[in-house]
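Chemist: I am attaching a structure below and will ask some questions about it afterwards.
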Amino acid sequence: MVSDAVVVDSARLRRQTAKLLTVLAVAVCYYATARLGLLQQLVRGQVTPLWPPTGIALAALLVFGLRIWPGIALGALAANITIGPAVLPVLAIAAGNTVAPVCSFLLLRRAEFRNELDRLRDALALVFLGALAGMLISATVGTGTLVLADAIRAEDFWPTWSVWWTGDAMGVMVVTPFLLVLLRFRRPSGIGPARWAEAIALGVCTLAVTLLATESAASLLFLVSPFVIWAAFRFERAGAACCALGVSTLVILAAGRMTGPFARHGLLTNMITLQAFIGSTALTALLLAAVVTERNSTYREIKRLCAQLSEKVTRQDL
């Protein structure tokens, strides 16, 4: 009996230790990506055009479940404590940053969201429930807190709110699909040299065209769209997620440097251009990849059923 109790206690201790390490890992990832996101801050060192931690937080909840929320809260608190106006506003902003992805997770679970992102309904749910609806909470709480703390003027509420909301939503639309695909990635088997050559060509061409579009003074960002479509059609979720993340990162860096199409415009115009581009790119990649994946899955299922039917007919004839 003693040995059985020791085994049970040891197993429980290992589970608790694994849970604690997972929570700490989520907190560290949240804080690290928050510091990277703040490099592109636009309003009072806190509001950015893309906030990667929201994508990490929602992905962690989708993979590990609701028990991981303390890691999100800890990471949000650590990220805001050095830049917040005071202790109470920092706590309020951290609470909003925690509650928003949790609510997004609950909405997605209610909608029977699948992490595989292999259905159009999953892509739509991630965009409209996970990104656009859930992030209303963090934007409203955060911006309202800055106004009450006199960190921003009352008349700046809506401009700040819009940047905060779209930044958080873009984080979900760009980062969460990439992480979900990355966590489920398996080295493909039976892929020929031509397929690998196509993947390399896609990566090189996308990089070259994006750099050209972000360095040219002309408005050439639309040139990136065909490569996003190429990635979604030919490489489905993996290609679309990687392409959307890479392209969005390069364009954000260009906007931060005020180069290319962002060189001769004001902050508001650049923000509209940047977030419209990121949103349309992420939305196109996500929805198109989901449609292609669902179509291919349906085709394979029909092909399998036809093979079974043909086999049964053959057996009956014999």
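Ligands are numbered from 1 in the order shown, chains are lettered A, B, ... in the order of the structure tokens, and residues start at 1 in each chain.
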Counting only C-alpha atoms, what is within 9 Å of A:Val228, bar same-chain residues fewer than 2 positions away, as a PDB file with N, CA and C atoms, in the first residue's frame?
Modeler:
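Wrote part04.pdb, looks like this:
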ATOM      1  N   THR A 206       8.445  35.026 -52.876  1.00  0.00           N
ATOM      2  CA  THR A 206       7.668  35.818 -51.921  1.00  0.00           C
ATOM      3  C   THR A 206       8.563  36.819 -51.203  1.00  0.00           C
ATOM      4  N   VAL A 224       2.123  41.188 -53.620  1.00  0.00           N
ATOM      5  CA  VAL A 224       2.332  40.049 -52.724  1.00  0.00           C
ATOM      6  C   VAL A 224       1.159  39.066 -52.780  1.00  0.00           C
ATOM      7  N   SER A 225      -0.026  39.561 -53.107  1.00  0.00           N
ATOM      8  CA  SER A 225      -1.239  38.728 -53.051  1.00  0.00           C
ATOM      9  C   SER A 225      -1.148  37.441 -53.873  1.00  0.00           C
ATOM     10  N   PRO A 226      -0.642  37.459 -55.121  1.00  0.00           N
ATOM     11  CA  PRO A 226      -0.570  36.200 -55.869  1.00  0.00           C
ATOM     12  C   PRO A 226       0.272  35.123 -55.183  1.00  0.00           C
ATOM     13  N   TRP A 230      -0.850  31.481 -54.083  1.00  0.00           N
ATOM     14  CA  TRP A 230      -0.032  30.333 -54.487  1.00  0.00           C
ATOM     15  C   TRP A 230       0.260  29.441 -53.282  1.00  0.00           C
ATOM     16  N   ALA A 231       0.667  30.042 -52.192  1.00  0.00           N
ATOM     17  CA  ALA A 231       0.987  29.267 -50.986  1.00  0.00           C
ATOM     18  C   ALA A 231      -0.234  28.518 -50.464  1.00  0.00           C
ATOM     19  N   ALA A 232      -1.393  29.176 -50.457  1.00  0.00           N
ATOM     20  CA  ALA A 232      -2.599  28.526 -49.939  1.00  0.00           C
ATOM     21  C   ALA A 232      -3.071  27.397 -50.841  1.00  0.00           C
ATOM     22  N   PHE A 233      -3.020  27.610 -52.158  1.00  0.00           N
ATOM     23  CA  PHE A 233      -3.500  26.594 -53.089  1.00  0.00           C
ATOM     24  C   PHE A 233      -2.594  25.367 -53.111  1.00  0.00           C
ATOM     25  N   GLY A 239       1.656  26.342 -45.857  1.00  0.00           N
ATOM     26  CA  GLY A 239       2.162  27.384 -46.735  1.00  0.00           C
ATOM     27  C   GLY A 239       1.506  28.725 -46.484  1.00  0.00           C
ATOM     28  N   ALA A 240       0.191  28.722 -46.288  1.00  0.00           N
ATOM     29  CA  ALA A 240      -0.525  29.978 -46.071  1.00  0.00           C
ATOM     30  C   ALA A 240      -0.111  30.646 -44.765  1.00  0.00           C
ATOM     31  N   CYS A 243       3.520  31.979 -45.045  1.00  0.00           N
ATOM     32  CA  CYS A 243       3.575  33.108 -45.968  1.00  0.00           C
ATOM     33  C   CYS A 243       2.972  34.357 -45.341  1.00  0.00           C
ATOM     34  N   ALA A 244       1.816  34.218 -44.710  1.00  0.00           N
ATOM     35  CA  ALA A 244       1.158  35.373 -44.095  1.00  0.00           C
ATOM     36  C   ALA A 244       2.018  35.964 -42.982  1.00  0.00           C
ATOM     37  N   VAL A 247       5.317  37.650 -44.606  1.00  0.00           N
ATOM     38  CA  VAL A 247       4.999  38.880 -45.325  1.00  0.00           C
ATOM     39  C   VAL A 247       4.589  39.990 -44.354  1.00  0.00           C
ATOM     40  N   THR A 281      -4.320  40.186 -46.068  1.00  0.00           N
ATOM     41  CA  THR A 281      -3.402  39.087 -46.345  1.00  0.00           C
ATOM     42  C   THR A 281      -3.696  37.882 -45.470  1.00  0.00           C
ATOM     43  N   ALA A 282      -3.847  38.116 -44.164  1.00  0.00           N
ATOM     44  CA  ALA A 282      -4.126  37.015 -43.243  1.00  0.00           C
ATOM     45  C   ALA A 282      -5.468  36.369 -43.539  1.00  0.00           C
ATOM     46  N   THR A 284      -7.161  36.362 -46.434  1.00  0.00           N
ATOM     47  CA  THR A 284      -7.086  35.617 -47.696  1.00  0.00           C
ATOM     48  C   THR A 284      -6.374  34.287 -47.514  1.00  0.00           C
ATOM     49  N   ALA A 285      -5.227  34.326 -46.841  1.00  0.00           N
ATOM     50  CA  ALA A 285      -4.454  33.097 -46.640  1.00  0.00           C
ATOM     51  C   ALA A 285      -5.230  32.076 -45.824  1.00  0.00           C
TER      52      ALA A 285
END
Chemist: Set the distance at 7 Å and use only C-alpha atoms: which residues neighbour stretch 59-71 of chain A once local chain neighbours fewer than 5 positions away are removed? I'd like the list as a ChimeraX atom specification.
Modeler: /A:23-24,26-27,105,176,179-180
Chemist: Can you spit out the residues from that selection as a PDB file, in the first residue's frame, using C-alpha atoms?
Modeler:
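again_2.pdb, freshly written:
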ATOM      1  CA  VAL A  23       2.539  27.868 -17.481  1.00  0.00           C
ATOM      2  CA  LEU A  24       5.990  29.420 -17.080  1.00  0.00           C
ATOM      3  CA  VAL A  26       3.690  30.426 -21.885  1.00  0.00           C
ATOM      4  CA  ALA A  27       4.495  33.413 -19.648  1.00  0.00           C
ATOM      5  CA  PHE A 105     -11.121  30.442 -26.482  1.00  0.00           C
ATOM      6  CA  THR A 176      -2.332  31.663 -33.995  1.00  0.00           C
ATOM      7  CA  LEU A 179       1.508  28.120 -34.203  1.00  0.00           C
ATOM      8  CA  LEU A 180      -1.343  25.639 -34.635  1.00  0.00           C
TER       9      LEU A 180
END
Chemist: As a PyMOL selection string, please: every residue in stretch 11-237 of chain A that a backbone DSSP assignment puts in helix (DSSP H, G or I).
Modeler: chain A and resi 11-40+52-64+66-81+87-110+120-133+135-148+154-183+193-215+221-237
Chemist: Could you list, as JSON, numbers by chain, every residue within 8 Å of stretch 115-121 of chain A, counting only C-alpha atoms and ignoring same-chain residues fewer than 5 positions away?
Modeler: {"A": [62, 63, 177, 180, 181, 184, 237, 287, 290, 291, 293, 294]}
